[in-house]
Amino acid sequence: MRGRRRSRSGTAALIGFSVVAALAVLYILYGDEIKKLAGEWRPGKTPIERAVRRIVKSPDGKQQTAQPEREPQAKRQIAILIDDIGCDLAPVRELLGVAAPLTFAVLPYCPHALEASDMIHRTGREVLLHLPMEPHAYPEADPGPDALLLSMPDHELIGKIERNLRGVRHVRGVNNHMGSKFMEDEEKLSVVLGHLKKKGCYFIDSRTTGASKGPDVSESIGLRYLSRDIFIDNRRDHTHILDALNRISESRGRPNGGEPLLIIGHPYPATIGALKAAIPHLKARGIEIVPVSEAITAAERVKAVSSKGAELH
């Protein structure tokens, strides 16, 4: 009798285990359909991925099933670059008080360029050299001393770059000051960007011309770069600038995890006031403000993923 009971007990256990296993397989294969019927289905992952669970220890030492950890959703990112720094330290102090990792482009010929770059660096913000380049309206529009001109031979261009680099400290990257004509010349631009790559700098194309060769040359030589998306203060009006910043927070043009927006402004009182007012609103809308170097890294990651997707097709 005892043997029969043990046999029946074993058989029942085996049947029970088989039923549970069969249900688990059905859930894995047809989990979506089950959840649709129950009104609980959510799109996103495959049935197998949704069925995966982590095995953890409970306080009493027994194993139990836990829900999988959810990956945090990537925030939309923007980088804010402030140009024309170094002529006055007062706006620099105000901008350094803004609760966001702004990035600063310092003009090398300004009287406070070195002191401003030191102040910025001490607060952990990034410093760029705002490199003067020839505009279409030159010489009526003067980019300043030691500007790069298309008439210069290559060795003189490199000498000018080195001289400008000595005018600013703690340089992580470079962006063009004016330069609408220079940025359209692929040959001369290749000399300049090639030298910046040797110096370990990244490049920001301020896009002072729609015909800029900056992205093409940067891609061809493997230079880390990013192009400006928005100038927020072409009009030095607080309301206009604030509206531009608010439109960024409300825009659906770039999804979460997409390539960051690069915004350029200037140390105008209207710009400073608008940034102070808008940044809390941007953060509340889930927008993350990052240094320019982080924006470049994020953009590179997005491009790499896009390239892999294109290869699969």
# chains A, B, ... in the order shown; residues from 1 in each chain; ligands from 1

$ residues_around --residues "Met152 in chain A" --least-positions-apart "6" --cutoff "10 Å" --atoms "only C-alpha atoms" --output "list in words"
Ile158, Lys160 and Lys188 of chain A

$ residues_around --residues "range 169-184 of chain A" --least-positions-apart "4" --cutoff "8 Å" --atoms "only C-alpha atoms" --output "PyMOL selection string"
chain A and resi 105+114+117-118+121+126-136+143+148-150+165+188-189+196+200-209+211-214

$ residues_around --residues "Tyr268 in chain A" --least-positions-apart "3" --cutoff "8 Å" --atoms "only C-alpha atoms" --output "short mmCIF file (atom, residue, chain, number, x, y, z; two decimals) with N, CA, C and O atoms, in the first residue's frame"
data_model
loop_
_atom_site.label_atom_id
_atom_site.label_comp_id
_atom_site.auth_asym_id
_atom_site.auth_seq_id
_atom_site.Cartn_x
_atom_site.Cartn_y
_atom_site.Cartn_z
N PRO A 91 29.10 89.43 -17.30
CA PRO A 91 28.15 88.41 -17.80
C PRO A 91 28.64 86.98 -17.62
O PRO A 91 27.83 86.05 -17.49
N ARG A 236 17.94 90.65 -29.93
CA ARG A 236 18.30 90.80 -28.51
C ARG A 236 17.08 91.25 -27.70
O ARG A 236 17.04 92.34 -27.11
N THR A 271 19.60 87.53 -23.15
CA THR A 271 19.84 86.09 -23.25
C THR A 271 20.01 85.48 -21.86
O THR A 271 19.46 84.41 -21.56
N ILE A 272 20.79 86.15 -21.03
CA ILE A 272 21.03 85.64 -19.68
C ILE A 272 19.72 85.54 -18.90
O ILE A 272 19.43 84.53 -18.26
#

$ closest_residue --among "A:Leu102, A:Cys87, A:Cys110, A:His238" --to "Glu294 in chain A" --atoms "only C-alpha atoms"
A:Leu102

$ closest_atom_pairs --of "range 124-197 of chain A" --to "range 222-233 of chain A" --cutoff "8 Å" --atoms "only C-alpha atoms" --output "CSV"
residue,atom,partner,partner_atom,distance
A:Leu193,CA,A:Leu223,CA,7.5
A:Gly194,CA,A:Leu223,CA,7.8
A:Lys197,CA,A:Leu223,CA,5.9

$ closest_residue --among "A:Pro260, A:Pro145, A:Pro153, A:Pro267" --to "Ser293 in chain A" --atoms "only C-alpha atoms"
A:Pro260

$ atom_distance --atom1 "CA of Arg76 in chain A" --atom2 "CA of Gly258 in chain A"
6.9 Å

$ select_by_dssp --residues "range 111-146 of chain A" --states "strand (DSSP E or B)" --output "PyMOL selection string"
chain A and resi 127-133

$ write_last_selection --atoms "N, CA and C atoms" --output "tab-separated table (two decimals), in the first residue's frame"
chain	number	residue	atom	x	y	z
A	127	VAL	N	35.50	74.90	-22.11
A	127	VAL	CA	35.98	76.10	-22.79
A	127	VAL	C	36.28	75.75	-24.25
A	128	LEU	N	35.79	76.59	-25.16
A	128	LEU	CA	36.12	76.49	-26.57
A	128	LEU	C	36.88	77.74	-27.00
A	129	LEU	N	37.73	77.59	-27.99
A	129	LEU	CA	38.33	78.73	-28.68
A	129	LEU	C	37.35	79.17	-29.76
A	130	HIS	N	36.96	80.44	-29.72
A	130	HIS	CA	36.07	81.02	-30.73
A	130	HIS	C	36.98	81.61	-31.82
A	131	LEU	N	37.26	80.80	-32.81
A	131	LEU	CA	38.32	81.09	-33.77
A	131	LEU	C	37.83	82.05	-34.88
A	132	PRO	N	38.46	83.23	-35.00
A	132	PRO	CA	38.02	84.20	-36.02
A	132	PRO	C	38.35	83.71	-37.44
A	133	MET	N	37.37	83.79	-38.32
A	133	MET	CA	37.54	83.37	-39.71
A	133	MET	C	36.91	84.40	-40.65

$ closest_residue --among "A:Ala147, A:Val98, A:Met119, A:Ile80" --to "Gly273 in chain A" --atoms "only C-alpha atoms"
A:Val98
